[in-house]
Amino acid sequence: MEKISGKNVLVCGATGAVGYYAAKLLKQSGANLFLCGRNENRLNEIASELNIPSDQLFVLALEDEHSVNEMASKIHEKIQAIDILINAAGIGIIKPIESLSSADFLTSLNANLIGPFHLLKAFLPAMKETKKGLIINIPGVLGKTPMAGAAAYSASKYGLNGMLKSVREELKRTDIRITNVFFGGI
């Protein structure tokens with residue numbers, strides 16, 4: 001079993017409950033954390049609590065490719081590669097189909113599918129260079145089991161699940177692993 005102590009870990013969605021508790025546990029285990037999230041005030045509170053330097057915090061939305069690439073560049077200036085990438089970011093738009101707008105649908109796809117795509121594009125090359133890494137995404141149970149009123153959310157999470165399975169096939173002969181966590185309702 002690998003130890004977390006000393007590992008470079010990026011937690012995206014760190015200002016949400018799952019990301020925050022993951023970061024807290026990882027810090028207690030001795031990981032060197034980099035955090036990103038949308039809520040600057042909450043991110044600063046978490047950094048203060050966990051004693052994370054401000055140059056390891058990134059306020060951004062994953063659907064903004066430029067911001068994700070900029071974050072990756074800044075991280076790679078400090079370290080060669082992230083050892084563990086945890087994507088706990090996402091949004092849940094739960095509405096019946098007749099109330100769901102095209103904008104809602106696209107917002108869900110951008111946050112829950114396009115954003116993780118940007119993360120893979122930004123961080124996977126360095127992992128390939130070091131020939132190791134772990135990528136953890138949290139599609140949740142709606143990434144494989146449908147629910148009434150969750151058309152946009154399920155579409156984005158099913159898409160995430162499918163994309164990650166495909167990338168996992170590309171990485172079969174490497175020591176880079178991809179894991180999905182399918183939580184129920186949180």
# chains A, B, ... in the order shown; residues from 1 in each chain; ligands from 1
$ residues_around --residues "Val181 of chain A" --least-positions-apart "4" --cutoff "7 Å" --atoms "only C-alpha atoms" --output "ChimeraX atom specification"
/A:137-140
$ write_last_selection --atoms "C-alpha atoms" --output "PDB file, in the first residue's frame"
ATOM      1  CA  ASN A 137     -13.107  11.621 -10.116  1.00  0.00           C
ATOM      2  CA  ILE A 138     -16.406  11.603  -8.290  1.00  0.00           C
ATOM      3  CA  PRO A 139     -19.213  11.149 -10.799  1.00  0.00           C
ATOM      4  CA  GLY A 140     -21.549   9.983  -8.045  1.00  0.00           C
TER       5      GLY A 140
END
$ residues_around --residues "Lys165 of chain A" --least-positions-apart "4" --cutoff "10 Å" --atoms "only C-alpha atoms" --output "MDAnalysis selection string"
chainID A and resid 159:161 169:171 178:180
$ write_last_selection --atoms "C-alpha atoms" --output "compact mmCIF listing (two decimals), in the first residue's frame"
# COMPACT_ATOMS: atom_id res chain seq x y z
CA GLY A 159 -20.33 11.32 -20.02
CA LEU A 160 -17.62 11.74 -17.38
CA ASN A 161 -17.78 8.04 -16.55
CA GLU A 169 -7.93 2.08 -21.65
CA GLU A 170 -5.28 4.43 -23.11
CA LEU A 171 -3.29 4.16 -19.88
CA ILE A 178 -7.99 6.33 -12.89
CA THR A 179 -10.63 5.69 -10.28
CA ASN A 180 -14.25 6.80 -10.10
$ closest_atom_pairs --of "segment 89-113 of chain A" --to "segment 55-79 of chain A" --cutoff "12 Å" --atoms "only C-alpha atoms" --output "CSV"
residue,atom,partner,partner_atom,distance
A:Ala89,CA,A:Leu62,CA,8.0
A:Gly90,CA,A:Leu62,CA,8.9
A:Ile91,CA,A:Ala61,CA,11.0
A:Leu106,CA,A:Glu63,CA,10.9
A:Thr107,CA,A:Glu63,CA,9.1
A:Ser108,CA,A:Glu63,CA,10.1
A:Leu109,CA,A:Glu63,CA,9.2
A:Asn110,CA,A:Glu63,CA,5.5
A:Ala111,CA,A:Glu63,CA,5.5
A:Asn112,CA,A:Glu63,CA,8.4
A:Leu113,CA,A:Glu63,CA,8.5
$ write_last_selection --atoms "N, CA and C atoms" --output "JSON list (two decimals), in the first residue's frame"
[["chain", "number", "residue", "atom", "x", "y", "z"],
["A", 89, "ALA", "N", -15.09, 18.54, -7.92],
["A", 89, "ALA", "CA", -15.85, 19.70, -8.38],
["A", 89, "ALA", "C", -17.06, 19.25, -9.19],
["A", 90, "GLY", "N", -18.06, 20.07, -9.20],
["A", 90, "GLY", "CA", -19.24, 19.78, -10.01],
["A", 90, "GLY", "C", -20.43, 20.56, -9.53],
["A", 91, "ILE", "N", -21.45, 20.57, -10.35],
["A", 91, "ILE", "CA", -22.70, 21.21, -9.98],
["A", 91, "ILE", "C", -23.85, 20.25, -10.25],
["A", 106, "LEU", "N", -26.29, 22.93, -20.69],
["A", 106, "LEU", "CA", -24.92, 23.24, -21.07],
["A", 106, "LEU", "C", -24.06, 23.58, -19.85],
["A", 107, "THR", "N", -24.64, 24.26, -18.88],
["A", 107, "THR", "CA", -23.91, 24.57, -17.65],
["A", 107, "THR", "C", -23.47, 23.29, -16.96],
["A", 108, "SER", "N", -24.37, 22.33, -16.89],
["A", 108, "SER", "CA", -24.06, 21.04, -16.27],
["A", 108, "SER", "C", -22.96, 20.31, -17.04],
["A", 109, "LEU", "N", -23.09, 20.26, -18.36],
["A", 109, "LEU", "CA", -22.06, 19.60, -19.18],
["A", 109, "LEU", "C", -20.70, 20.28, -19.03],
["A", 110, "ASN", "N", -20.70, 21.60, -19.04],
["A", 110, "ASN", "CA", -19.44, 22.33, -18.93],
["A", 110, "ASN", "C", -18.75, 22.09, -17.59],
["A", 111, "ALA", "N", -19.50, 22.15, -16.51],
["A", 111, "ALA", "CA", -18.91, 21.98, -15.18],
["A", 111, "ALA", "C", -18.52, 20.53, -14.91],
["A", 112, "ASN", "N", -19.36, 19.58, -15.28],
["A", 112, "ASN", "CA", -19.18, 18.19, -14.87],
["A", 112, "ASN", "C", -18.48, 17.30, -15.88],
["A", 113, "LEU", "N", -18.34, 17.77, -17.11],
["A", 113, "LEU", "CA", -17.69, 16.95, -18.15],
["A", 113, "LEU", "C", -16.55, 17.70, -18.82]]
$ select_by_dssp --residues "chain A" --states "strand (DSSP E)" --output "VMD selection string"
chain A and resid 8 to 12 32 to 37 57 to 59 84 to 87 132 to 137 175 to 180
$ atom_distance --atom1 "atom CA of Thr174 of chain A" --atom2 "atom CA of Ala23 of chain A"
26.3 Å
$ closest_residue --among "A:Asp104, A:Glu2, A:Asp175, A:Glu45" --to "Ala14 of chain A" --atoms "only C-alpha atoms"
A:Glu45
$ atom_distance --atom1 "atom CA of Leu43 of chain A" --atom2 "atom CA of Lys95 of chain A"
28.7 Å
$ residues_around --residues "Met163 of chain A" --least-positions-apart "6" --cutoff "10 Å" --atoms "only C-alpha atoms" --output "CSV table (one decimal) with N, CA and C atoms, in the first residue's frame"
chain,number,residue,atom,x,y,z
A,113,LEU,N,-18.3,17.8,-17.1
A,113,LEU,CA,-17.7,17.0,-18.1
A,113,LEU,C,-16.5,17.7,-18.8
A,116,PRO,N,-13.6,18.5,-16.2
A,116,PRO,CA,-12.7,17.4,-16.0
A,116,PRO,C,-11.8,17.0,-17.2
A,117,PHE,N,-12.3,17.3,-18.4
A,117,PHE,CA,-11.6,17.1,-19.6
A,117,PHE,C,-10.4,18.0,-19.6
A,157,LYS,N,-22.6,13.3,-15.9
A,157,LYS,CA,-21.9,12.3,-15.2
A,157,LYS,C,-21.7,11.0,-15.9
